[in-house]
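File shown: query.txt (compact mmCIF, C-alpha atoms and all ligand atoms).
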```txt
# COMPACT_ATOMS: atom_id res chain seq x y z
CA MET A 1 0.00 0.00 0.00
CA LYS A 2 1.17 3.52 -0.78
CA PHE A 3 1.28 6.24 1.86
CA GLY A 4 -2.09 7.91 1.22
CA THR A 5 -3.89 4.56 1.33
CA LYS A 6 -2.06 3.47 4.48
CA ALA A 7 -2.92 6.76 6.20
CA ILE A 8 -6.60 6.04 5.70
CA HIS A 9 -6.79 2.24 5.89
CA ALA A 10 -3.75 0.53 7.42
CA GLU A 11 -4.68 -1.56 10.49
CA ILE A 12 -8.09 0.14 10.62
CA GLU A 13 -10.88 -2.44 10.54
CA PRO A 14 -14.63 -1.84 10.89
CA ASP A 15 -15.62 -2.18 14.56
CA SER A 16 -16.26 -5.86 15.27
CA ALA A 17 -19.37 -5.20 17.38
CA THR A 18 -21.22 -2.73 15.11
CA GLY A 19 -19.41 -2.36 11.80
CA ALA A 20 -18.64 1.31 12.53
CA ILE A 21 -16.19 2.40 9.85
CA MET A 22 -14.46 4.87 12.19
CA THR A 23 -12.51 3.45 15.10
CA PRO A 24 -14.72 3.91 18.19
CA ILE A 25 -13.50 5.90 21.19
CA TYR A 26 -13.19 3.16 23.81
CA GLN A 27 -13.58 5.49 26.77
CA THR A 28 -13.10 2.83 29.40
CA SER A 29 -10.54 2.15 32.10
CA THR A 30 -11.18 -1.58 32.45
CA TYR A 31 -12.62 -4.63 30.67
CA VAL A 32 -14.86 -7.39 32.00
CA GLN A 33 -13.36 -10.88 32.24
CA SER A 34 -15.58 -13.96 32.00
CA THR A 35 -13.47 -15.97 34.43
CA PRO A 36 -10.21 -14.83 36.06
CA GLY A 37 -7.60 -14.31 33.34
CA GLU A 38 -10.11 -14.94 30.53
CA HIS A 39 -10.46 -11.74 28.49
CA LYS A 40 -10.46 -10.40 24.93
CA GLY A 41 -6.87 -9.12 25.00
CA TYR A 42 -7.70 -6.05 27.05
CA GLU A 43 -7.39 -5.88 30.83
CA TYR A 44 -6.76 -2.30 31.87
CA SER A 45 -6.42 0.85 29.75
CA ARG A 46 -2.93 1.87 30.90
CA THR A 47 -1.77 -1.43 29.46
CA GLN A 48 -4.05 -1.75 26.41
CA ASN A 49 -6.80 0.35 24.89
CA PRO A 50 -8.37 -0.53 21.51
CA THR A 51 -8.48 3.06 20.20
CA ARG A 52 -4.86 3.69 21.17
CA HIS A 53 -3.87 0.27 19.87
CA THR A 54 -5.36 0.98 16.41
CA LEU A 55 -3.47 4.28 16.28
CA GLU A 56 -0.21 2.61 17.36
CA LYS A 57 -0.50 -0.01 14.62
CA ASN A 58 -1.47 2.55 11.96
CA LEU A 59 1.48 4.79 12.90
CA ALA A 60 3.91 1.87 12.72
CA THR A 61 2.85 1.24 9.11
CA LEU A 62 3.41 4.90 8.20
CA GLU A 63 7.03 4.54 9.38
CA ASN A 64 7.40 1.16 7.61
CA ALA A 65 7.96 -0.41 11.01
CA LYS A 66 6.58 -3.25 13.11
CA TYR A 67 5.73 -1.49 16.36
CA GLY A 68 4.29 1.79 17.57
CA LEU A 69 3.65 3.03 21.11
CA CYS A 70 1.76 6.22 21.94
CA PHE A 71 2.33 8.50 24.91
CA GLY A 72 0.70 11.49 26.57
CA SER A 73 3.13 13.90 24.85
CA GLY A 74 6.25 13.94 22.72
CA MET A 75 8.27 14.56 25.87
CA ALA A 76 6.71 11.50 27.54
CA ALA A 77 7.90 9.47 24.53
CA THR A 78 11.40 10.96 24.86
CA ASP A 79 11.32 10.21 28.60
CA ALA A 80 10.44 6.55 27.90
CA VAL A 81 13.30 6.17 25.40
CA MET A 82 15.82 7.61 27.86
CA LYS A 83 14.67 5.06 30.46
CA LEU A 84 16.36 2.40 28.31
CA LEU A 85 19.64 3.81 29.68
CA SER A 86 21.42 3.32 33.01
CA PRO A 87 23.58 5.65 35.15
CA GLY A 88 27.00 6.13 33.56
CA ASP A 89 25.74 5.67 30.01
CA GLU A 90 26.57 8.39 27.49
CA VAL A 91 24.53 9.88 24.65
CA VAL A 92 25.71 11.96 21.70
CA SER A 93 23.11 14.36 20.38
CA THR A 94 22.85 17.36 18.10
CA ASN A 95 23.68 20.85 19.37
CA ASP A 96 20.66 22.23 17.50
CA LEU A 97 18.00 20.33 19.37
CA TYR A 98 14.37 20.91 20.34
CA GLY A 99 14.55 22.98 23.56
CA GLY A 100 12.42 20.55 25.57
CA SER A 101 14.66 17.62 24.62
CA TYR A 102 17.74 19.60 25.67
CA ARG A 103 15.99 20.41 28.97
CA ILE A 104 14.97 16.82 29.82
CA PHE A 105 18.50 15.58 28.97
CA GLU A 106 20.40 18.26 30.84
CA THR A 107 18.16 18.58 33.92
CA ILE A 108 16.30 15.32 34.53
CA PHE A 109 18.53 12.60 33.06
CA LYS A 110 21.85 14.26 33.83
CA ALA A 111 20.82 14.11 37.50
CA TYR A 112 20.37 10.32 37.09
CA GLY A 113 23.98 10.01 35.96
CA ILE A 114 23.54 9.95 32.18
CA VAL A 115 26.09 12.03 30.28
CA PHE A 116 25.13 14.02 27.17
CA HIS A 117 27.39 15.44 24.46
CA PHE A 118 25.97 17.99 22.04
CA VAL A 119 27.76 18.28 18.70
CA PRO A 120 26.88 19.58 15.24
CA MET A 121 25.82 16.19 13.85
CA ASN A 122 26.33 17.07 10.21
CA ASP A 123 30.01 16.89 11.16
CA LEU A 124 30.50 13.10 11.37
CA GLU A 125 33.99 13.44 12.88
CA ALA A 126 32.52 15.48 15.75
CA ILE A 127 30.18 12.56 16.53
CA LYS A 128 32.98 9.97 16.39
CA GLU A 129 35.19 12.07 18.69
CA LYS A 130 32.63 11.83 21.50
CA ILE A 131 32.07 8.06 21.25
CA ASN A 132 33.74 5.95 23.95
CA ASP A 133 33.06 2.65 25.79
CA LYS A 134 30.24 4.24 27.76
CA THR A 135 28.36 5.58 24.73
CA LYS A 136 25.04 3.79 24.26
CA MET A 137 22.87 6.05 22.14
CA LEU A 138 22.92 8.61 19.33
CA TRP A 139 20.00 11.06 19.35
CA VAL A 140 19.34 12.76 16.03
CA GLU A 141 16.74 15.39 15.16
CA THR A 142 16.45 16.29 11.48
CA PRO A 143 15.52 18.76 10.11
CA THR A 144 16.74 20.58 13.20
CA ASN A 145 14.66 23.20 14.88
CA PRO A 146 14.75 26.12 14.21
CA MET A 147 17.90 26.19 12.05
CA MET A 148 16.72 23.64 9.48
CA ASN A 149 20.02 21.78 9.37
CA ILE A 150 19.78 18.34 7.82
CA ILE A 151 21.64 15.43 9.40
CA ASP A 152 22.59 12.52 7.15
CA ILE A 153 20.72 9.62 8.77
CA VAL A 154 22.41 6.92 6.67
CA ALA A 155 25.87 8.21 7.59
CA VAL A 156 25.02 8.47 11.30
CA ALA A 157 23.45 4.97 11.18
CA GLU A 158 26.77 3.58 9.91
CA ILE A 159 28.60 5.12 12.87
CA SER A 160 25.89 3.82 15.19
CA LYS A 161 26.04 0.24 13.85
CA SER A 162 29.83 0.02 13.85
CA ASN A 163 29.85 1.10 17.53
CA ASN A 164 26.86 -1.04 18.57
CA LEU A 165 24.76 1.94 19.62
CA THR A 166 21.03 2.65 19.53
CA LEU A 167 20.20 5.30 16.94
CA VAL A 168 17.14 7.38 17.77
CA VAL A 169 15.70 9.85 15.26
CA ASP A 170 13.16 12.46 16.32
CA ASN A 171 11.13 12.64 13.09
CA THR A 172 8.65 15.30 14.25
CA PHE A 173 9.64 17.97 11.73
CA ALA A 174 9.56 15.81 8.63
CA SER A 175 6.61 13.56 9.58
CA PRO A 176 6.50 10.04 8.15
CA TYR A 177 5.17 11.47 4.88
CA LEU A 178 8.49 13.15 4.09
CA GLN A 179 11.02 10.89 5.77
CA ASN A 180 11.22 7.34 7.14
CA PRO A 181 14.30 7.03 9.37
CA MET A 182 13.76 3.29 9.99
CA ASP A 183 14.42 2.71 6.27
CA LEU A 184 17.67 4.69 6.63
CA GLY A 185 19.03 2.65 9.54
CA ALA A 186 17.45 4.14 12.69
CA ASP A 187 16.61 1.77 15.57
CA ILE A 188 13.96 4.00 17.11
CA VAL A 189 11.87 6.87 15.73
CA THR A 190 10.18 9.34 18.04
CA HIS A 191 7.44 11.82 17.23
CA SER A 192 5.70 14.70 18.80
CA ILE A 193 2.32 13.71 17.37
CA THR A 194 1.16 17.14 18.56
CA LYS A 195 2.68 18.63 15.41
CA TYR A 196 2.16 17.45 11.79
CA ILE A 197 0.77 13.97 12.48
CA SER A 198 -2.15 15.26 14.52
CA GLY A 199 -2.10 18.44 12.45
CA HIS A 200 -5.06 20.34 13.90
CA SER A 201 -3.56 21.91 17.04
CA ASP A 202 -6.03 20.12 19.27
CA VAL A 203 -3.99 17.27 20.79
CA VAL A 204 -0.74 16.82 22.71
CA MET A 205 0.70 13.34 22.12
CA GLY A 206 3.93 11.47 21.39
CA ALA A 207 4.99 8.18 19.83
CA ILE A 208 7.86 5.72 19.68
CA ILE A 209 8.32 3.48 16.65
CA CYS A 210 10.70 0.51 16.42
CA ASN A 211 11.26 -2.80 14.62
CA ASP A 212 13.27 -4.83 17.08
CA ASP A 213 11.28 -7.29 19.24
CA GLY A 214 13.58 -6.82 22.24
CA LEU A 215 13.42 -3.03 22.08
CA GLN A 216 9.64 -3.12 21.71
CA GLU A 217 9.32 -5.39 24.73
CA LYS A 218 11.40 -3.00 26.86
CA LEU A 219 9.61 0.12 25.61
CA ALA A 220 6.14 -1.39 26.08
CA PHE A 221 7.20 -2.39 29.60
CA ILE A 222 8.27 1.21 30.29
CA GLN A 223 5.02 2.55 28.77
CA ASN A 224 2.90 0.33 31.02
CA THR A 225 5.09 0.63 34.12
CA CYS A 226 5.58 4.40 34.08
CA GLY A 227 2.11 4.99 32.66
CA ALA A 228 2.49 8.12 30.50
CA VAL A 229 -0.17 6.90 28.05
CA CYS A 230 -2.52 8.98 25.92
CA GLY A 231 -6.30 8.79 26.24
CA PRO A 232 -8.78 7.19 23.83
CA MET A 233 -10.40 10.50 22.79
CA ASP A 234 -7.01 11.91 21.77
CA SER A 235 -6.15 8.67 19.98
CA PHE A 236 -9.37 9.05 17.96
CA LEU A 237 -8.58 12.67 17.08
CA VAL A 238 -5.12 11.67 15.86
CA LEU A 239 -6.51 8.78 13.78
CA ARG A 240 -8.83 11.34 12.20
CA GLY A 241 -5.97 13.78 11.60
CA ILE A 242 -3.76 11.11 10.00
CA LYS A 243 -6.34 10.48 7.27
CA THR A 244 -5.29 13.78 5.64
CA LEU A 245 -1.60 13.75 6.59
CA HIS A 246 -0.42 13.30 3.00
CA LEU A 247 -2.68 16.07 1.66
CA ARG A 248 -1.72 18.45 4.43
CA MET A 249 2.00 17.79 4.04
CA GLN A 250 1.81 18.40 0.29
CA ARG A 251 0.25 21.83 0.87
CA HIS A 252 2.57 22.67 3.81
CA CYS A 253 5.55 21.97 1.54
CA GLU A 254 4.14 23.94 -1.41
CA ASN A 255 3.25 26.98 0.69
CA ALA A 256 6.57 26.95 2.56
CA ALA A 257 8.51 26.78 -0.73
CA VAL A 258 6.71 29.86 -2.07
CA LEU A 259 7.18 31.80 1.18
CA ALA A 260 10.86 30.84 1.53
CA LYS A 261 11.60 32.18 -1.97
CA HIS A 262 9.52 35.28 -1.33
CA LEU A 263 11.36 36.03 1.93
CA LYS A 264 14.75 35.50 0.29
CA ASN A 265 14.01 38.34 -2.14
CA HIS A 266 12.59 40.65 0.52
CA PRO A 267 14.72 43.78 1.15
CA LYS A 268 14.31 43.62 4.96
CA VAL A 269 15.17 39.94 5.29
CA ASP A 270 18.73 38.69 5.73
CA LYS A 271 19.01 34.89 6.03
CA VAL A 272 16.28 32.38 5.19
CA TYR A 273 16.70 28.84 6.49
CA TRP A 274 14.89 26.28 4.34
CA PRO A 275 16.51 23.05 3.09
CA GLY A 276 14.92 23.42 -0.35
CA PHE A 277 17.39 26.14 -1.40
CA GLU A 278 20.14 24.78 -3.63
CA ASP A 279 22.69 26.79 -1.66
CA HIS A 280 21.48 25.36 1.69
CA ALA A 281 24.54 23.61 3.18
CA ASN A 282 22.72 20.25 3.45
CA HIS A 283 20.47 20.53 0.39
CA GLU A 284 21.82 17.36 -1.24
CA ILE A 285 21.27 15.27 1.90
CA ALA A 286 17.74 16.68 2.21
CA LYS A 287 17.03 15.68 -1.40
CA LYS A 288 18.41 12.20 -0.75
CA GLN A 289 16.57 11.35 2.47
CA MET A 290 13.38 13.44 2.31
CA ARG A 291 10.48 13.47 -0.16
CA GLY A 292 9.89 17.21 0.31
CA PHE A 293 11.42 20.07 2.25
CA GLY A 294 8.82 20.50 4.97
CA GLY A 295 6.56 23.29 6.14
CA THR A 296 8.84 25.11 8.52
CA ILE A 297 11.19 27.99 7.71
CA SER A 298 13.18 30.47 9.76
CA PHE A 299 14.55 33.88 8.87
CA THR A 300 16.50 36.79 10.29
CA THR A 301 16.24 40.49 9.46
CA LYS A 302 18.98 42.67 7.96
CA SER A 303 19.15 44.93 11.03
CA ASP A 304 19.05 41.78 13.25
CA THR A 305 17.52 43.17 16.44
CA LEU A 306 15.14 41.74 19.02
CA LYS A 307 12.89 44.70 18.19
CA ASP A 308 12.59 43.57 14.54
CA ALA A 309 11.37 40.16 15.63
CA HIS A 310 8.92 41.71 18.08
CA THR A 311 7.61 44.15 15.46
CA PHE A 312 7.04 41.36 12.94
CA LEU A 313 5.45 39.00 15.46
CA SER A 314 3.14 41.67 16.89
CA ASN A 315 1.86 42.71 13.45
CA VAL A 316 1.00 39.42 11.77
CA LYS A 317 -2.73 38.87 11.29
CA VAL A 318 -3.18 35.56 9.44
CA PHE A 319 -0.17 33.99 11.17
CA SER A 320 -0.66 33.56 14.92
CA LEU A 321 2.09 34.12 17.44
CA ALA A 322 2.26 30.81 19.27
CA GLU A 323 4.56 27.96 20.19
CA SER A 324 4.17 24.65 18.37
CA LEU A 325 4.00 23.90 14.65
CA GLY A 326 2.52 21.52 12.13
CA GLY A 327 -1.13 22.56 12.40
CA VAL A 328 -3.33 23.56 9.48
CA GLU A 329 -3.09 27.20 10.59
CA SER A 330 0.08 29.23 10.13
CA LEU A 331 2.01 30.00 13.29
CA CYS A 332 5.07 32.11 13.98
CA SER A 333 7.33 32.11 16.99
CA HIS A 334 10.46 33.60 18.48
CA PRO A 335 12.79 30.70 19.34
CA ALA A 336 15.23 32.74 21.47
CA THR A 337 12.54 33.72 23.99
CA MET A 338 9.96 30.96 23.46
CA THR A 339 10.83 27.38 22.44
CA HIS A 340 14.57 27.73 23.05
CA ALA A 341 14.53 29.93 26.16
CA ALA A 342 15.78 26.97 28.23
CA ILE A 343 19.04 26.89 26.23
CA PRO A 344 21.76 29.29 27.48
CA LYS A 345 22.27 32.37 25.23
CA GLU A 346 25.88 31.49 24.27
CA VAL A 347 24.92 27.89 23.36
CA ARG A 348 21.87 29.12 21.45
CA GLU A 349 23.65 31.85 19.46
CA LYS A 350 26.48 29.50 18.52
CA SER A 351 23.96 27.40 16.61
CA GLY A 352 22.39 30.48 14.96
CA VAL A 353 19.38 31.17 17.19
CA VAL A 354 19.99 34.94 17.25
CA GLU A 355 17.64 37.62 18.59
CA SER A 356 15.97 38.49 15.27
CA LEU A 357 15.37 34.87 14.25
CA VAL A 358 11.70 34.15 13.57
CA ARG A 359 10.33 30.67 12.88
CA LEU A 360 7.32 30.16 10.65
CA SER A 361 5.18 27.06 10.68
CA VAL A 362 3.53 27.55 7.31
CA GLY A 363 -0.07 26.36 7.35
CA ILE A 364 -2.33 25.26 4.52
CA GLU A 365 -4.24 28.53 4.03
CA ASP A 366 -4.35 30.28 0.64
CA ILE A 367 -0.78 31.22 -0.23
CA ASN A 368 -1.74 34.74 -1.41
CA ASP A 369 -3.09 35.61 2.02
CA LEU A 370 0.08 34.30 3.66
CA ILE A 371 2.35 36.36 1.38
CA ALA A 372 0.28 39.49 1.96
CA ASP A 373 0.41 38.96 5.72
CA ILE A 374 4.21 38.54 5.77
CA ASP A 375 4.65 41.64 3.62
CA GLN A 376 2.46 43.86 5.76
CA ALA A 377 4.09 42.64 9.01
CA LEU A 378 7.59 43.22 7.60
CA SER A 379 6.58 46.72 6.41
CA HIS A 380 6.41 47.80 10.08
CA ILE A 381 10.16 47.14 10.55
C1 LIG B 401 7.26 19.59 20.15
C2 LIG B 401 8.44 18.72 19.98
C3 LIG B 401 8.76 17.74 20.93
C4 LIG B 401 7.97 17.57 22.21
O1 LIG B 401 6.68 17.14 21.97
P1 LIG B 401 5.40 17.51 22.90
O2 LIG B 401 4.29 16.81 22.21
O3 LIG B 401 5.30 19.01 22.89
O4 LIG B 401 5.71 17.00 24.26
C5 LIG B 401 9.86 16.93 20.69
N1 LIG B 401 10.61 17.07 19.59
C6 LIG B 401 10.33 18.02 18.66
C7 LIG B 401 11.20 18.13 17.46
C8 LIG B 401 9.25 18.87 18.82
O5 LIG B 401 8.99 19.81 17.92
```

Output the file's structure in the form of structure tokens.
Amino acid sequence: MKFGTKAIHAEIEPDSATGAIMTPIYQTSTYVQSTPGEHKGYEYSRTQNPTRHTLEKNLATLENAKYGLCFGSGMAATDAVMKLLSPGDEVVSTNDLYGGSYRIFETIFKAYGIVFHFVPMNDLEAIKEKINDKTKMLWVETPTNPMMNIIDIVAVAEISKSNNLTLVVDNTFASPYLQNPMDLGADIVTHSITKYISGHSDVVMGAIICNDDGLQEKLAFIQNTCGAVCGPMDSFLVLRGIKTLHLRMQRHCENAAVLAKHLKNHPKVDKVYWPGFEDHANHEIAKKQMRGFGGTISFTTKSDTLKDAHTFLSNVKVFSLAESLGGVESLCSHPATMTHAAIPKEVREKSGVVESLVRLSVGIEDINDLIADIDQALSHI
């Protein structure tokens, strides 16, 4: 089955009791057993829930994988993956990382004795330099947020395999429609479902995808033991959102391409970060491992002040100033003071998150309205 068919049909069967074509919301905490231990595969909803289970199986197919597990948020999924590690273990990750991932690594898991190294992961030598006997995991996020760097998953997977490590790829920004890290050698894929997969800014959820039976057993154990599961209503909403994932992603990509080119020619704009530009440092890798360049772009202004960013963000009318991304509506944000505020200024600026940097999550509205909105907001600078 091709992607658009899988999004709508994979692992989704008519309800066995009624024939309902849409997966019912099994809003129940427990399930009746006929005699002790005799049940229909469901005992308690932390452990198994049919609505969540359908979503988990559908998601796994979208990543061309065997297993999916859903969690109460993307961070809960990240938390579960990190619980595979033990004190003393080391992780190499990218220096241009989602702020919340940086925060959970450097505050929560560092306190449990796990050591993190942050390097620019498009420099393969920089990754190798940090690997030692204690290294257990490589954590990749690509495209990176908000700088839109592209990390070569195949190349990192080779390093991971030759050192016997677990390669995790946070695939939130690309979504399974644009990129399938499992096909490129990843052991685990994580998602903030909250973003493109859900796509309607009405759910917070996360997922872990893997192929290996042993890994799945450990991760499902962590999911059930620690209990950060998502509810059936949210699982239903995400199943509904996924049915249009391919259509939404196509329009996100189209609109972002037009806006990126428009911004590049704008007299008040300095740099535009979008992997679709031929002169983007990682353009060739993006072309090789992605099926489109995504719906997110970042830019800086020529005068590069905090005031420029504030002026732009306070004057947009179709775009909304808000954290998050990947919804049908266009959003804009200020990474330095919003999503990346937890990262120290020196660390942040080294990776390019300067004061005037604005991130756009380009929605699926009419492109002419988006262009007009950007132009009028920039005219106030
Ligand atoms: C939002 C996000 C997360 C965290 O997900 P939540 O659903 O907000 O907990 C993790 N990684 C990336 C790349 C994200 O954008």

Which residues are near Cys210 (chain A)? Cut-off 12 Å, all atoms listed in the file, ignore same chain within fewer than 4 positions. Put them as a ChimeraX atom specification. /A:56-57,59-70,81,166-169,180-183,185-191,214-220

Ligand LIG 401 (chain B) neighbours within 6 Å using all atoms listed in the file, as an MDAnalysis selection string: chainID A and resid 73:75 98 172:173 192 194 204:206

Separating CA of Phe3 (chain A) from CA of Lys195 (chain A), to the nearest tenth of an Å, is a gap of 18.4 Å

With distances taken over all atoms listed in the file, the candidate from A:Met290, A:Met338, A:Val258, A:Val229 nearest Leu370 (chain A) is A:Val258

Give me, as a list in words, all polymer residues having an atom no more than 9 Å from Ala257 (chain A), counting all atoms listed in the file and skipping those fewer than 2 positions away in the same chain. His252, Cys253, Glu254, Asn255, Leu259, Ala260, Lys261, His262, Trp274, Gly276, Phe277, Phe293, Gly294, Gly295 and Ile297 of chain A

Output file for the selection above: C-alpha atoms, as a JSON list (two decimals), in the frame of the given file:
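After the write, selection-v6.json holds the following:
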```
[["chain", "number", "residue", "atom", "x", "y", "z"],
["A", 252, "HIS", "CA", 2.57, 22.67, 3.81],
["A", 253, "CYS", "CA", 5.55, 21.97, 1.54],
["A", 254, "GLU", "CA", 4.14, 23.94, -1.41],
["A", 255, "ASN", "CA", 3.25, 26.98, 0.69],
["A", 259, "LEU", "CA", 7.18, 31.80, 1.18],
["A", 260, "ALA", "CA", 10.86, 30.84, 1.53],
["A", 261, "LYS", "CA", 11.60, 32.18, -1.97],
["A", 262, "HIS", "CA", 9.52, 35.28, -1.33],
["A", 274, "TRP", "CA", 14.89, 26.28, 4.34],
["A", 276, "GLY", "CA", 14.92, 23.42, -0.35],
["A", 277, "PHE", "CA", 17.39, 26.14, -1.40],
["A", 293, "PHE", "CA", 11.42, 20.07, 2.25],
["A", 294, "GLY", "CA", 8.82, 20.50, 4.97],
["A", 295, "GLY", "CA", 6.56, 23.29, 6.14],
["A", 297, "ILE", "CA", 11.19, 27.99, 7.71]]
```

What lies within 9 Å of Asn282 (chain A) using only C-alpha atoms, ignoring chain neighbours under 6 positions off, as a PyMOL selection string? chain A and resi 122+149-152+275

Quick one: residues within 10 Å of Lys264 (chain A), only C-alpha atoms counted, chain neighbours fewer than 5 positions away excluded, as a PyMOL selection string? chain A and resi 259+269-273+277+299

Using only C-alpha atoms, which of the listed residues (A:Val358, A:Ala377, A:Met1, A:Leu85) sits closest to Leu165 (chain A)?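 Checking each candidate against Leu165 (chain A), we get A:Leu85 as the closest.
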
From the options A:Glu349, A:Glu141, A:Glu158, A:Glu129, which residue's atoms come nearest to Tyr102 (chain A), counting all atoms listed in the file?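 For Tyr102 (chain A), the nearest of the candidates is A:Glu141.
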
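Reported to one decimal place, the separation of CA of Ile381 (chain A) from CA of Gly352 (chain A) is 21.1 Å.
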
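Our summary of the geometry notes that CA of Ser45 (chain A) is positioned 14.6 Å from CA of Pro24 (chain A).
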
Nearest-residue call for Asp369 (chain A), choices A:Lys350, A:Lys317, A:His310, A:Lys110, using all atoms listed in the file: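 Closest to Asp369 (chain A), using all atoms listed in the file: A:Lys317.
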
Option closest in space to Thr337 (chain A), from A:Ile21, A:Ala309, A:Leu360, A:Val91 [counting all atoms listed in the file]: A:Ala309

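Checking A:Pro146, A:Gly100, A:Gly231, A:Gly4 one by one against Gln48 (chain A), counting all atoms listed in the file, you find the shortest gap at A:Gly231.
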
Selection near Pro50 (chain A), 10 Å with only C-alpha atoms, sequence-local residues under 2 positions removed, as an NGL selection string: :A and (23-28 or 41-42 or 45 or 48 or 52-56 or 232 or 235)

N, CA, C and O atoms are what I want for region 343-357 of chain A; can you complete it accordingly and write them as a PDB file, in the frame of the given file?
```pdb
ATOM      1  N   ILE A 343      17.648  27.099  26.650  1.00  0.00           N
ATOM      2  CA  ILE A 343      19.040  26.890  26.230  1.00  0.00           C
ATOM      3  C   ILE A 343      19.827  28.183  26.488  1.00  0.00           C
ATOM      4  O   ILE A 343      19.392  29.264  26.094  1.00  0.00           O
ATOM      5  N   PRO A 344      20.989  28.083  27.176  1.00  0.00           N
ATOM      6  CA  PRO A 344      21.760  29.290  27.480  1.00  0.00           C
ATOM      7  C   PRO A 344      22.095  30.098  26.212  1.00  0.00           C
ATOM      8  O   PRO A 344      22.346  29.523  25.150  1.00  0.00           O
ATOM      9  N   LYS A 345      22.099  31.457  26.367  1.00  0.00           N
ATOM     10  CA  LYS A 345      22.270  32.370  25.230  1.00  0.00           C
ATOM     11  C   LYS A 345      23.509  32.032  24.380  1.00  0.00           C
ATOM     12  O   LYS A 345      23.427  31.994  23.143  1.00  0.00           O
ATOM     13  N   GLU A 346      24.638  31.747  25.030  1.00  0.00           N
ATOM     14  CA  GLU A 346      25.880  31.490  24.270  1.00  0.00           C
ATOM     15  C   GLU A 346      25.725  30.215  23.437  1.00  0.00           C
ATOM     16  O   GLU A 346      26.112  30.173  22.281  1.00  0.00           O
ATOM     17  N   VAL A 347      25.116  29.178  24.067  1.00  0.00           N
ATOM     18  CA  VAL A 347      24.920  27.890  23.360  1.00  0.00           C
ATOM     19  C   VAL A 347      23.988  28.120  22.177  1.00  0.00           C
ATOM     20  O   VAL A 347      24.227  27.664  21.057  1.00  0.00           O
ATOM     21  N   ARG A 348      22.920  28.855  22.431  1.00  0.00           N
ATOM     22  CA  ARG A 348      21.870  29.120  21.450  1.00  0.00           C
ATOM     23  C   ARG A 348      22.436  29.903  20.249  1.00  0.00           C
ATOM     24  O   ARG A 348      22.234  29.538  19.105  1.00  0.00           O
ATOM     25  N   GLU A 349      23.173  30.986  20.552  1.00  0.00           N
ATOM     26  CA  GLU A 349      23.650  31.850  19.460  1.00  0.00           C
ATOM     27  C   GLU A 349      24.719  31.156  18.622  1.00  0.00           C
ATOM     28  O   GLU A 349      24.846  31.425  17.430  1.00  0.00           O
ATOM     29  N   LYS A 350      25.466  30.249  19.264  1.00  0.00           N
ATOM     30  CA  LYS A 350      26.480  29.500  18.520  1.00  0.00           C
ATOM     31  C   LYS A 350      25.833  28.686  17.403  1.00  0.00           C
ATOM     32  O   LYS A 350      26.400  28.504  16.333  1.00  0.00           O
ATOM     33  N   SER A 351      24.626  28.192  17.654  1.00  0.00           N
ATOM     34  CA  SER A 351      23.960  27.400  16.610  1.00  0.00           C
ATOM     35  C   SER A 351      23.089  28.261  15.697  1.00  0.00           C
ATOM     36  O   SER A 351      22.402  27.729  14.830  1.00  0.00           O
ATOM     37  N   GLY A 352      23.088  29.598  15.899  1.00  0.00           N
ATOM     38  CA  GLY A 352      22.390  30.480  14.960  1.00  0.00           C
ATOM     39  C   GLY A 352      21.071  31.063  15.449  1.00  0.00           C
ATOM     40  O   GLY A 352      20.431  31.837  14.750  1.00  0.00           O
ATOM     41  N   VAL A 353      20.645  30.662  16.664  1.00  0.00           N
ATOM     42  CA  VAL A 353      19.380  31.170  17.190  1.00  0.00           C
ATOM     43  C   VAL A 353      19.624  32.569  17.779  1.00  0.00           C
ATOM     44  O   VAL A 353      19.752  32.759  18.991  1.00  0.00           O
ATOM     45  N   VAL A 354      19.710  33.557  16.856  1.00  0.00           N
ATOM     46  CA  VAL A 354      19.990  34.940  17.250  1.00  0.00           C
ATOM     47  C   VAL A 354      18.676  35.645  17.594  1.00  0.00           C
ATOM     48  O   VAL A 354      17.591  35.084  17.405  1.00  0.00           O
ATOM     49  N   GLU A 355      18.811  36.890  18.089  1.00  0.00           N
ATOM     50  CA  GLU A 355      17.640  37.620  18.590  1.00  0.00           C
ATOM     51  C   GLU A 355      16.568  37.899  17.530  1.00  0.00           C
ATOM     52  O   GLU A 355      15.395  37.908  17.834  1.00  0.00           O
ATOM     53  N   SER A 356      16.987  38.132  16.281  1.00  0.00           N
ATOM     54  CA  SER A 356      15.970  38.490  15.270  1.00  0.00           C
ATOM     55  C   SER A 356      15.367  37.263  14.581  1.00  0.00           C
ATOM     56  O   SER A 356      14.477  37.399  13.746  1.00  0.00           O
ATOM     57  N   LEU A 357      15.853  36.075  14.943  1.00  0.00           N
ATOM     58  CA  LEU A 357      15.370  34.870  14.250  1.00  0.00           C
ATOM     59  C   LEU A 357      13.883  34.602  14.540  1.00  0.00           C
ATOM     60  O   LEU A 357      13.466  34.541  15.699  1.00  0.00           O
TER      61      LEU A 357
END
```
